[in-house]
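Structure file data06.txt; described as compact mmCIF, C-alpha atoms.
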# COMPACT_ATOMS: atom_id res chain seq x y z
CA MET A 259 -4.01 151.07 97.44
CA GLU A 260 -2.00 153.11 99.81
CA MET A 261 1.72 153.19 99.47
CA ASP A 262 4.21 155.05 101.51
CA ARG A 263 7.50 156.35 100.20
CA ARG A 264 9.49 153.50 101.76
CA ARG A 265 7.39 150.75 100.15
CA PHE A 266 7.40 152.50 96.74
CA LEU A 267 11.23 152.67 96.66
CA LYS A 268 11.45 148.99 97.65
CA VAL A 269 9.20 147.90 94.76
CA ILE A 270 11.06 150.04 92.20
CA GLY A 271 14.43 148.80 93.40
CA LEU A 272 13.49 145.14 93.33
CA SER A 273 11.90 145.31 89.89
CA SER A 274 14.91 147.02 88.34
CA ILE A 275 17.19 144.32 89.79
CA ALA A 276 14.84 141.69 88.33
CA ALA A 277 14.89 143.39 84.90
CA ILE A 278 18.68 143.49 84.74
CA GLY A 279 18.92 139.96 86.09
CA SER A 280 16.53 138.42 83.57
CA ALA A 281 18.54 139.64 80.57
CA SER A 282 21.73 138.16 81.95
CA LEU A 283 19.85 135.02 82.98
CA PHE A 284 18.66 134.70 79.36
CA GLU A 285 22.22 135.12 78.18
CA LEU A 286 23.27 132.44 80.68
CA ILE A 287 20.72 129.89 79.45
CA TYR A 288 21.01 130.64 75.70
CA PRO A 289 24.53 131.95 75.26
CA LYS A 290 25.14 134.33 72.34
CA SER A 291 21.49 134.27 71.27
CA ILE A 292 21.17 138.04 71.61
CA GLY A 293 22.58 139.60 68.45
CA ALA A 294 23.09 136.21 66.83
CA VAL A 295 20.59 136.97 64.06
CA ALA A 296 22.63 139.87 62.73
CA GLU A 297 25.74 137.73 62.75
CA GLU A 298 24.15 134.87 60.87
CA ILE A 299 23.20 136.92 57.83
CA SER A 300 26.80 137.47 56.81
CA LYS A 301 27.83 133.87 57.39
CA ASN A 302 26.18 132.25 54.36
CA GLY A 303 26.84 128.72 55.45
CA GLY A 304 30.55 129.31 55.66
CA ILE A 305 31.39 129.64 51.96
CA GLN A 306 31.75 132.82 49.96
CA TRP A 307 33.07 132.39 46.43
CA ALA A 308 35.22 135.25 45.20
CA ILE A 309 37.54 136.18 42.34
CA ALA A 310 40.85 138.00 42.57
CA VAL A 311 41.92 139.52 39.25
CA ASP A 312 45.65 140.10 38.77
CA MET A 313 45.72 143.35 36.81
CA ASN A 314 49.42 142.89 36.06
CA LEU A 315 48.73 139.71 34.12
CA ILE A 316 45.35 140.37 32.54
CA THR A 317 45.34 141.83 29.04
CA ASP A 318 42.71 143.26 26.74
CA GLU A 319 42.93 140.13 24.64
CA ILE A 320 42.20 137.88 27.63
CA LEU A 321 39.24 140.04 28.62
CA ASP A 322 37.73 139.85 25.15
CA ARG A 323 38.00 136.06 25.19
CA CYS A 324 36.46 135.87 28.70
CA ILE A 325 33.53 138.01 27.62
CA GLU A 326 33.02 136.06 24.43
CA GLU A 327 33.18 132.64 26.08
CA CYS A 328 30.90 133.67 28.96
CA HIS A 329 28.28 135.16 26.69
CA LYS A 330 28.43 132.17 24.35
CA LEU A 331 28.03 129.72 27.22
CA HIS A 332 25.03 131.51 28.66
CA ASN A 333 23.27 132.57 25.46
CA VAL A 334 23.72 136.27 26.19
CA PRO A 335 22.72 138.17 23.05
CA ASN A 336 24.54 141.12 21.55
CA ILE A 337 21.84 143.75 21.32
CA GLY A 338 24.03 146.26 19.54
CA ASN A 339 23.16 149.40 21.46
CA SER A 340 24.32 150.47 24.90
CA GLU A 341 20.87 151.48 26.15
CA GLU A 342 19.33 148.04 25.85
CA GLU A 343 22.49 145.97 26.01
CA ILE A 344 22.70 142.75 28.00
CA LYS A 345 25.97 141.90 29.69
CA TRP A 346 27.22 139.46 32.30
CA ILE A 347 30.86 140.50 32.16
CA TRP A 348 32.27 143.60 30.51
CA LYS A 349 35.31 145.86 30.62
CA GLU A 350 35.68 149.38 31.89
CA GLU A 351 38.35 152.01 32.49
CA TYR A 352 39.72 152.73 35.94
CA GLU A 353 37.85 155.99 36.42
CA HIS A 354 34.52 154.35 35.65
CA ALA A 355 35.20 151.16 37.58
CA PHE A 356 36.43 153.04 40.66
CA PRO A 357 34.84 156.51 40.43
CA ASP A 358 35.38 157.08 44.15
CA GLN A 359 39.10 156.34 43.91
CA LYS A 360 40.03 158.41 40.86
CA HIS A 361 42.17 161.49 40.93
CA GLU A 362 44.39 163.21 38.42
CA TYR A 363 47.59 161.59 39.70
CA VAL A 364 46.50 157.98 39.23
CA PRO A 365 49.35 156.25 37.33
CA GLU A 366 48.94 156.59 33.57
CA GLY A 367 49.30 152.84 33.10
CA LEU A 368 46.38 152.17 35.42
CA LYS A 369 44.25 154.83 33.72
CA ALA A 370 44.77 153.16 30.36
CA GLN A 371 44.01 149.67 31.62
CA LEU A 372 40.65 147.97 31.19
CA PHE A 373 39.15 146.17 34.18
CA PRO A 374 36.83 143.16 33.91
CA LEU A 375 33.56 143.98 35.63
CA LEU A 376 30.87 141.51 36.62
CA CYS A 377 28.42 140.85 39.42
CA ASN A 378 30.28 141.23 42.70
CA HIS A 379 28.23 138.55 44.47
CA CYS A 380 28.15 140.91 47.43
CA THR A 381 28.25 139.64 50.98
CA ASN A 382 25.32 141.93 51.70
CA PRO A 383 23.56 142.24 48.34
CA PRO A 384 21.12 145.16 48.00
CA CYS A 385 19.44 143.55 44.97
CA VAL A 386 18.33 140.65 47.16
CA ARG A 387 16.85 142.99 49.74
CA VAL A 388 14.61 144.76 47.24
CA CYS A 389 13.38 141.80 45.19
CA PRO A 390 9.65 141.49 45.90
CA THR A 391 9.35 137.88 44.69
CA LYS A 392 12.57 136.35 46.03
CA ALA A 393 13.54 135.75 42.42
CA THR A 394 17.04 136.76 43.44
CA TRP A 395 18.62 135.51 46.63
CA LYS A 396 21.91 134.66 48.26
CA ARG A 397 22.85 131.01 48.04
CA GLU A 398 24.58 129.26 50.92
CA ASP A 399 27.86 129.38 49.01
CA GLY A 400 27.56 133.14 48.58
CA ILE A 401 26.40 133.22 44.95
CA VAL A 402 23.76 135.87 44.29
CA MET A 403 21.45 133.61 42.32
CA MET A 404 18.42 134.28 40.18
CA ASP A 405 15.28 132.30 39.49
CA TRP A 406 14.22 133.56 36.07
CA HIS A 407 10.95 131.66 36.39
CA ARG A 408 10.04 133.92 39.24
CA CYS A 409 11.28 137.29 37.96
CA ILE A 410 8.42 139.69 37.25
CA GLY A 411 10.67 142.28 35.62
CA CYS A 412 10.07 145.08 38.13
CA ARG A 413 13.76 146.07 37.88
CA PHE A 414 14.02 147.06 41.56
CA CYS A 415 17.23 145.02 41.67
CA MET A 416 18.68 147.02 38.81
CA ALA A 417 17.99 150.22 40.69
CA ALA A 418 19.46 148.78 43.87
CA CYS A 419 22.67 147.39 42.37
CA PRO A 420 25.39 150.06 42.60
CA PHE A 421 27.57 148.24 40.06
CA GLY A 422 25.27 148.12 37.04
CA ALA A 423 25.69 144.38 36.97
CA ARG A 424 22.11 143.63 35.98
CA SER A 425 20.55 143.86 32.53
CA PHE A 426 16.94 143.88 31.46
CA ASN A 427 15.54 142.00 28.49
CA TRP A 428 13.59 144.68 26.68
CA TRP A 429 12.87 142.26 23.84
CA ASP A 430 12.86 138.55 23.25
CA PRO A 431 16.60 137.77 23.12
CA ARG A 432 15.99 135.20 20.37
CA LYS A 433 14.86 138.03 18.12
CA ALA A 434 18.14 139.90 18.53
CA ASP A 435 19.80 140.92 15.26
CA PRO A 436 21.03 137.64 13.67
CA LYS A 437 23.88 139.52 12.00
CA LEU A 438 25.30 140.38 15.44
CA ASN A 439 24.41 136.97 16.86
CA PRO A 440 25.42 134.27 14.43
CA GLY A 441 24.12 130.88 15.49
CA PHE A 442 22.15 132.21 18.47
CA PRO A 443 21.32 130.48 20.85
CA THR A 444 24.93 129.35 20.98
CA ASN A 445 24.63 126.82 23.80
CA MET A 446 21.83 124.31 23.29
CA GLU A 447 22.24 122.98 26.83
CA TYR A 448 21.49 126.30 28.52
CA PRO A 449 18.26 128.31 28.33
CA THR A 450 17.89 131.79 26.92
CA ARG A 451 15.91 134.37 28.82
CA THR A 452 12.63 135.87 27.80
CA LYS A 453 11.27 139.38 27.36
CA GLY A 454 10.76 141.18 30.68
CA VAL A 455 13.32 139.31 32.75
CA VAL A 456 16.44 140.66 34.48
CA GLU A 457 19.70 138.76 34.15
CA LYS A 458 23.31 138.93 35.29
CA CYS A 459 26.39 136.82 36.00
CA THR A 460 25.62 133.75 38.11
CA PHE A 461 29.26 132.89 38.88
CA CYS A 462 28.57 129.93 36.56
CA ASN A 463 26.51 128.22 39.24
CA GLU A 464 25.79 125.38 36.80
CA LEU A 465 29.55 124.67 36.63
CA ILE A 466 30.20 125.23 40.33
CA ASP A 467 27.45 122.72 41.16
CA LYS A 468 29.43 120.18 39.13
CA GLY A 469 32.64 121.03 40.94
CA GLN A 470 34.06 123.20 38.16
CA ILE A 471 35.17 126.85 38.19
CA PRO A 472 33.55 129.84 36.47
CA LYS A 473 34.16 130.07 32.71
CA CYS A 474 35.90 133.46 32.79
CA VAL A 475 38.43 132.18 35.33
CA GLU A 476 39.01 129.04 33.29
CA VAL A 477 39.54 131.00 30.06
CA ALA A 478 41.77 133.62 31.69
CA ASN A 479 43.99 130.98 33.28
CA GLU A 480 44.25 129.05 30.04
CA MET A 481 45.63 132.17 28.37
CA LYS A 482 47.70 133.39 31.30
CA GLU A 483 48.21 131.22 34.36
CA GLY A 484 47.26 133.02 37.57
CA SER A 485 45.53 136.00 35.95
CA MET A 486 42.30 135.22 37.81
CA ILE A 487 42.09 133.36 41.09
CA PHE A 488 38.79 131.85 42.15
CA GLY A 489 38.14 130.51 45.62
CA ASP A 490 36.39 130.61 48.97
CA ILE A 491 37.22 133.94 50.59
CA SER A 492 35.92 132.81 53.97
CA ASP A 493 38.45 129.97 54.10
CA SER A 494 41.65 131.36 55.59
CA GLU A 495 43.65 128.51 54.04
CA SER A 496 42.47 129.18 50.48
CA GLU A 497 44.68 130.29 47.60
CA ILE A 498 42.70 133.47 47.07
CA ARG A 499 43.27 134.48 50.68
CA ALA A 500 46.96 133.83 50.28
CA VAL A 501 47.27 136.06 47.20
CA LEU A 502 45.15 138.80 48.76
CA ASN A 503 47.40 138.68 51.77
CA GLU A 504 50.42 139.29 49.54
CA ARG A 505 49.11 141.90 47.14
CA PHE A 506 47.24 145.17 47.52
CA SER A 507 43.78 144.98 46.00
CA LEU A 508 40.89 147.27 45.14
CA ARG A 509 37.18 146.59 45.30
CA ARG A 510 34.44 148.58 43.61
CA LYS A 511 32.64 151.08 45.85
CA PRO A 512 33.45 149.35 49.16
CA GLU A 513 32.18 152.38 51.09
CA LEU A 514 28.60 151.38 50.26
CA GLY A 515 28.95 148.39 52.56
CA THR A 516 27.63 145.77 50.16
CA GLY A 517 30.81 143.72 50.56
CA PRO A 518 31.78 143.11 46.92
CA ASN A 519 33.69 139.87 46.34
CA ILE A 520 35.59 140.70 43.17
CA PHE A 521 39.10 141.90 44.01
CA TYR A 522 41.43 143.75 41.63
CA MET A 523 45.09 143.34 42.50
CA ILE A 524 47.00 146.32 41.10
CA MET B 228 -53.08 115.68 37.96
CA TYR B 229 -53.65 115.85 34.22
CA ASP B 230 -51.40 113.88 31.84
CA ALA B 231 -49.46 112.34 34.71
CA GLY B 232 -48.14 109.57 32.44
CA LYS B 233 -46.73 111.99 29.89
CA ILE B 234 -45.17 114.14 32.59
CA PHE B 235 -43.45 111.19 34.23
CA ILE B 236 -42.14 109.91 30.91
CA GLY B 237 -40.84 113.41 30.20
CA LEU B 238 -39.27 113.66 33.64
CA ILE B 239 -37.54 110.30 33.32
CA LEU B 240 -36.30 111.18 29.83
CA GLY B 241 -35.06 114.51 31.19
CA ILE B 242 -33.19 112.87 34.05
CA ILE B 243 -31.65 110.34 31.67
CA LEU B 244 -30.49 113.14 29.39
CA LEU B 245 -29.07 115.05 32.34
CA LEU B 246 -27.16 112.05 33.67
CA MET B 247 -25.91 110.85 30.31
CA PRO B 248 -22.49 112.50 30.59
CA PHE B 249 -21.86 110.64 33.82
CA TRP B 250 -22.58 107.16 32.53
CA PRO B 251 -19.67 104.83 32.88
CA THR B 252 -19.01 104.03 29.24
CA GLY B 253 -15.34 103.27 29.58
CA GLY B 254 -14.48 106.39 27.60
CA LYS B 255 -16.22 105.06 24.49
CA TRP B 256 -18.28 108.20 24.01
CA ALA B 257 -15.49 110.63 24.93
CA ALA B 258 -13.68 112.55 22.22
CA LYS B 259 -10.43 110.77 21.53
CA GLY B 260 -7.37 112.60 22.75
CA PRO B 261 -4.29 112.63 20.59
CA GLU B 262 -1.58 110.03 21.09
CA PRO B 263 1.78 111.66 21.64
CA GLU B 264 4.37 110.14 19.34
CA LEU B 265 7.41 108.45 20.80
CA THR B 266 10.82 108.79 19.22
CA PRO B 267 12.78 105.57 18.56
CA LYS B 268 15.00 106.48 21.48
CA ALA B 269 12.06 106.88 23.84
CA LYS B 270 10.54 103.62 22.61
CA GLU B 271 13.78 101.81 23.21
CA ALA B 272 14.05 103.14 26.76
CA LYS B 273 10.55 101.69 27.38
CA VAL B 274 10.05 103.64 30.60
CA CYS B 275 10.34 107.34 31.38
CA VAL B 276 11.82 108.63 34.65
CA GLU B 277 8.63 107.33 36.28
CA SER B 278 5.84 105.05 35.02
CA LYS B 279 3.77 106.08 32.01
CA SER B 280 0.58 106.55 34.00
CA PHE B 281 2.39 108.67 36.58
CA MET B 282 3.98 110.82 33.90
CA ARG B 283 0.65 111.30 32.12
CA MET B 284 -0.98 112.53 35.28
CA ASN B 285 1.88 114.33 36.95
CA HIS B 286 4.59 115.42 34.49
CA MET B 287 3.82 119.06 35.12
CA LYS B 288 4.12 118.65 38.89
CA LEU B 289 7.34 116.70 38.48
CA LEU B 290 8.80 119.41 36.23
CA ASP B 291 7.79 122.10 38.68
CA GLN B 292 9.47 120.18 41.48
CA TRP B 293 12.56 119.66 39.36
CA ARG B 294 13.00 123.34 38.55
CA ASN B 295 12.69 124.37 42.18
CA LYS B 296 15.15 121.70 43.26
CA VAL B 297 17.69 122.69 40.62
CA VAL B 298 17.38 126.46 40.71
CA ARG B 299 16.72 127.04 44.37
CA LYS B 300 18.21 124.02 46.14
CA THR B 301 21.12 123.17 43.78
CA ASP B 302 19.91 119.57 43.90
CA ARG B 303 20.38 118.36 40.32
CA ILE B 304 20.22 114.60 40.74
CA TYR B 305 16.90 112.79 40.60
CA ILE B 306 16.57 109.23 41.83
CA SER B 307 13.45 107.63 40.41
CA SER B 308 11.20 105.30 42.37
CA SER B 309 12.91 102.39 40.59
CA GLY B 310 16.29 103.65 41.77
CA LYS B 311 17.55 105.00 38.44
CA VAL B 312 19.57 108.22 38.47
CA PHE B 313 18.76 111.17 36.21
CA GLU B 314 19.90 114.76 35.89
CA ARG B 315 17.01 117.08 36.62
CA SER B 316 16.81 118.99 33.35
CA LEU B 317 13.96 119.62 30.95
CA GLN B 318 16.25 120.76 28.18
CA ASN B 319 18.95 118.11 28.58
CA THR B 320 17.21 115.07 30.08
CA CYS B 321 13.56 115.12 28.93
CA MET B 322 14.30 116.46 25.47
CA ASP B 323 17.19 114.06 25.00
CA CYS B 324 14.64 111.27 24.50
CA HIS B 325 11.61 113.33 23.50
CA TYR B 326 13.38 115.39 20.86
CA ASN B 327 10.17 115.61 18.86
CA LYS B 328 8.50 118.46 20.73
CA SER B 329 5.92 119.19 18.04
CA LYS B 330 4.70 115.60 18.01
CA PHE B 331 5.12 114.88 21.71
CA CYS B 332 4.56 117.95 23.92
CA ASP B 333 2.59 120.11 21.53
CA LYS B 334 0.21 117.41 20.39
CA CYS B 335 -1.61 117.17 23.71
CA HIS B 336 -0.98 120.72 24.83
CA ASN B 337 -2.60 122.09 21.68
CA TRP B 338 -5.50 119.68 21.96
CA ALA B 339 -6.12 120.61 25.60
CA ASP B 340 -5.45 124.28 24.82
CA VAL B 341 -2.75 124.70 27.44
CA ASP B 342 0.17 126.96 26.70
CA PRO B 343 3.08 126.28 29.06
CA TYR B 344 5.76 128.95 28.70
CA CYS B 345 8.71 126.55 29.06
CA TRP B 346 9.89 127.23 25.53
CA GLN B 347 10.13 130.97 25.82
CA CYS B 348 13.46 130.31 27.57
CA HIS B 349 14.27 126.62 27.29
CA ILE B 350 15.50 125.58 23.88
CA SER B 351 13.76 122.69 22.19
CA PRO B 352 15.86 120.41 20.00
CA LYS B 353 15.89 121.07 16.28
CA GLU B 354 13.47 118.74 14.50
CA ASN B 355 14.89 117.62 11.15
CA GLY B 356 15.54 121.07 9.71
Render the structure in this file as structure tokens.
Amino acid sequence: MEMDRRRFLKVIGLSSIAAIGSASLFELIYPKSIGAVAEEISKNGGIQWAIAVDMNLITDEILDRCIEECHKLHNVPNIGNSEEEIKWIWKEEYEHAFPDQKHEYVPEGLKAQLFPLLCNHCTNPPCVRVCPTKATWKREDGIVMMDWHRCIGCRFCMAACPFGARSFNWWDPRKADPKLNPGFPTNMEYPTRTKGVVEKCTFCNELIDKGQIPKCVEVANEMKEGSMIFGDISDSESEIRAVLNERFSLRRKPELGTGPNIFYMI
Amino acid sequence: MYDAGKIFIGLILGIILLLMPFWPTGGKWAAKGPEPELTPKAKEAKVCVESKSFMRMNHMKLLDQWRNKVVRKTDRIYISSSGKVFERSLQNTCMDCHYNKSKFCDKCHNWADVDPYCWQCHISPKENG
């Protein structure tokens, strides 16, 4: 086909106008559809449960009770050594909880304090992204849930979690030292786990599904009213949003972009 | 053909032998399966979450459905075909009536040589000491 310069320029010009036009036409017919996918991921059906811990009210004694009650409720065994330990909630010093925010002039009181650590139920959880079997996923209410039936024990999630919130069952938990675990399993209405399965805090999904609050929050508030506030962080009218609006709070490793949902008000 | 009579008798006998397992005998010749024992509580309830025949055939499918509903869909309430409401829970609903695992679950499972791994995690009720 022969084409002179004039005709060539006409064709190029018209097709570029058409290309630009079609994108905006698409936007006109299906508004906001471009880029909507990325937005949706962080929405989680509108709910995101979160905990705000008031570090001025929480004490070592409260933390010990929280840990004990949580582990009793969920049949978490005491393995007795830190290499194979299983933990849903535990306590840690400032410099280990917030390694990126430590410096030598951190107030002495803060340095001495122990922080309750647990799964952050991240807005953008890396453990969920790496799980090859979808044994861990983000529920519509923001809980990072696990299906222990489906876990194959590959431990990718443990490598992906920057908070060390996940533990691996190296042995059958029912064979844990009976001296360290009197009366194990302690809750006959909840399962144990089995050898080769990863576990972590579930935000007490079994209680939340019945309209209750997580055990640690319940225990902490029984001992000291207001020491832990649980609520929907995506609801601007919620109590947790109100307290976070008043007080300065820290999150663990926020620079990683996982969006942790446990807040420490200092 | 030599010995046609004998051959045909042999053939017929052979075919009969081959087809014997498929004769409708109403289960008279089959090895008797074990009868799972019902606890007084289960007897009193008379009917499980679904009919006995359905449960015999499909309890494993029902349990599989239940666990997916509970764990993955947070849907813990089961409404049976007769309209009764149950909590979907092996450990807390099934075993509440059938608290005799060794004489209920295990009896058939051992006989049929199936080894479901429910009990590696789920806790079975204590059976008199």
Would you list which chain B residues are within 7 Å of chain A using all atoms listed in the file, as a count of residues only? 8
Between B:Phe313, B:Phe281, B:Trp346, B:Tyr305, which has the minimum distance to Cys332 of chain B (counting all atoms listed in the file)?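 The answer is B:Trp346, which sits nearest to Cys332 of chain B.
When atom CA of Ser485 of chain A is paired with atom CA of Asp312 of chain A, their separation reads 5.0 Å.
Residues in contact with Arg303 of chain B at up to 6 Å, not including ones fewer than 3 positions away on its chain and judged by all atoms listed in the file, are B:Val297, B:Glu314, B:Arg315.
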Interatomic distance, atom CA of Ala339 of chain B to atom CA of Gly253 of chain B (Å, one decimal): 20.0 Å
For atom CA of Asn285 of chain B and atom CA of Ile304 of chain B, determine how far apart the two atoms are, in Å to one decimal place.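 Taking atom CA of Asn285 of chain B and atom CA of Ile304 of chain B, their separation equals 18.7 Å.
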Find, counting all atoms listed in the file, the residue in B:Ala269, B:Arg299, B:Ala231, B:Gly260 that gets nearest to Lys392 of chain A.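 Under the stated criterion, the closest residue is B:Arg299.
Comparing the minimum interatomic distances between Lys300 of chain B and each of A:Glu327, A:Glu366, A:Asp399, A:Glu260, counting only C-alpha atoms, we find that A:Asp399 sits nearest.
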Could N, CA and C atoms be built for segment 286-301 of chain B and written out as a PDB file, in the frame of the given file?
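And here is the file that came out, part.pdb:
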ATOM      1  N   HIS B 286       3.320 114.896  35.016  1.00  0.00           N
ATOM      2  CA  HIS B 286       4.590 115.420  34.490  1.00  0.00           C
ATOM      3  C   HIS B 286       4.781 116.888  34.817  1.00  0.00           C
ATOM      4  N   MET B 287       3.670 117.632  34.849  1.00  0.00           N
ATOM      5  CA  MET B 287       3.820 119.060  35.120  1.00  0.00           C
ATOM      6  C   MET B 287       4.236 119.316  36.567  1.00  0.00           C
ATOM      7  N   LYS B 288       3.729 118.494  37.472  1.00  0.00           N
ATOM      8  CA  LYS B 288       4.120 118.650  38.890  1.00  0.00           C
ATOM      9  C   LYS B 288       5.574 118.242  39.078  1.00  0.00           C
ATOM     10  N   LEU B 289       5.959 117.163  38.387  1.00  0.00           N
ATOM     11  CA  LEU B 289       7.340 116.700  38.480  1.00  0.00           C
ATOM     12  C   LEU B 289       8.304 117.763  37.957  1.00  0.00           C
ATOM     13  N   LEU B 290       7.931 118.381  36.814  1.00  0.00           N
ATOM     14  CA  LEU B 290       8.800 119.410  36.230  1.00  0.00           C
ATOM     15  C   LEU B 290       8.909 120.623  37.144  1.00  0.00           C
ATOM     16  N   ASP B 291       7.793 120.965  37.766  1.00  0.00           N
ATOM     17  CA  ASP B 291       7.790 122.100  38.680  1.00  0.00           C
ATOM     18  C   ASP B 291       8.709 121.831  39.873  1.00  0.00           C
ATOM     19  N   GLN B 292       8.608 120.583  40.383  1.00  0.00           N
ATOM     20  CA  GLN B 292       9.470 120.180  41.480  1.00  0.00           C
ATOM     21  C   GLN B 292      10.947 120.209  41.054  1.00  0.00           C
ATOM     22  N   TRP B 293      11.196 119.700  39.876  1.00  0.00           N
ATOM     23  CA  TRP B 293      12.560 119.660  39.360  1.00  0.00           C
ATOM     24  C   TRP B 293      13.164 121.048  39.276  1.00  0.00           C
ATOM     25  N   ARG B 294      12.408 122.004  38.737  1.00  0.00           N
ATOM     26  CA  ARG B 294      13.000 123.340  38.550  1.00  0.00           C
ATOM     27  C   ARG B 294      13.297 123.991  39.895  1.00  0.00           C
ATOM     28  N   ASN B 295      12.408 123.782  40.872  1.00  0.00           N
ATOM     29  CA  ASN B 295      12.690 124.370  42.180  1.00  0.00           C
ATOM     30  C   ASN B 295      13.887 123.710  42.842  1.00  0.00           C
ATOM     31  N   LYS B 296      13.998 122.409  42.673  1.00  0.00           N
ATOM     32  CA  LYS B 296      15.150 121.700  43.260  1.00  0.00           C
ATOM     33  C   LYS B 296      16.453 122.197  42.631  1.00  0.00           C
ATOM     34  N   VAL B 297      16.456 122.316  41.318  1.00  0.00           N
ATOM     35  CA  VAL B 297      17.690 122.690  40.620  1.00  0.00           C
ATOM     36  C   VAL B 297      18.038 124.157  40.895  1.00  0.00           C
ATOM     37  N   VAL B 298      17.069 125.037  40.649  1.00  0.00           N
ATOM     38  CA  VAL B 298      17.380 126.460  40.710  1.00  0.00           C
ATOM     39  C   VAL B 298      17.566 126.924  42.145  1.00  0.00           C
ATOM     40  N   ARG B 299      16.709 126.472  43.030  1.00  0.00           N
ATOM     41  CA  ARG B 299      16.720 127.040  44.370  1.00  0.00           C
ATOM     42  C   ARG B 299      17.473 126.203  45.393  1.00  0.00           C
ATOM     43  N   LYS B 300      17.560 124.875  45.140  1.00  0.00           N
ATOM     44  CA  LYS B 300      18.210 124.020  46.140  1.00  0.00           C
ATOM     45  C   LYS B 300      19.520 123.398  45.643  1.00  0.00           C
ATOM     46  N   THR B 301      19.916 123.715  44.415  1.00  0.00           N
ATOM     47  CA  THR B 301      21.120 123.170  43.780  1.00  0.00           C
ATOM     48  C   THR B 301      21.161 121.638  43.814  1.00  0.00           C
TER      49      THR B 301
END
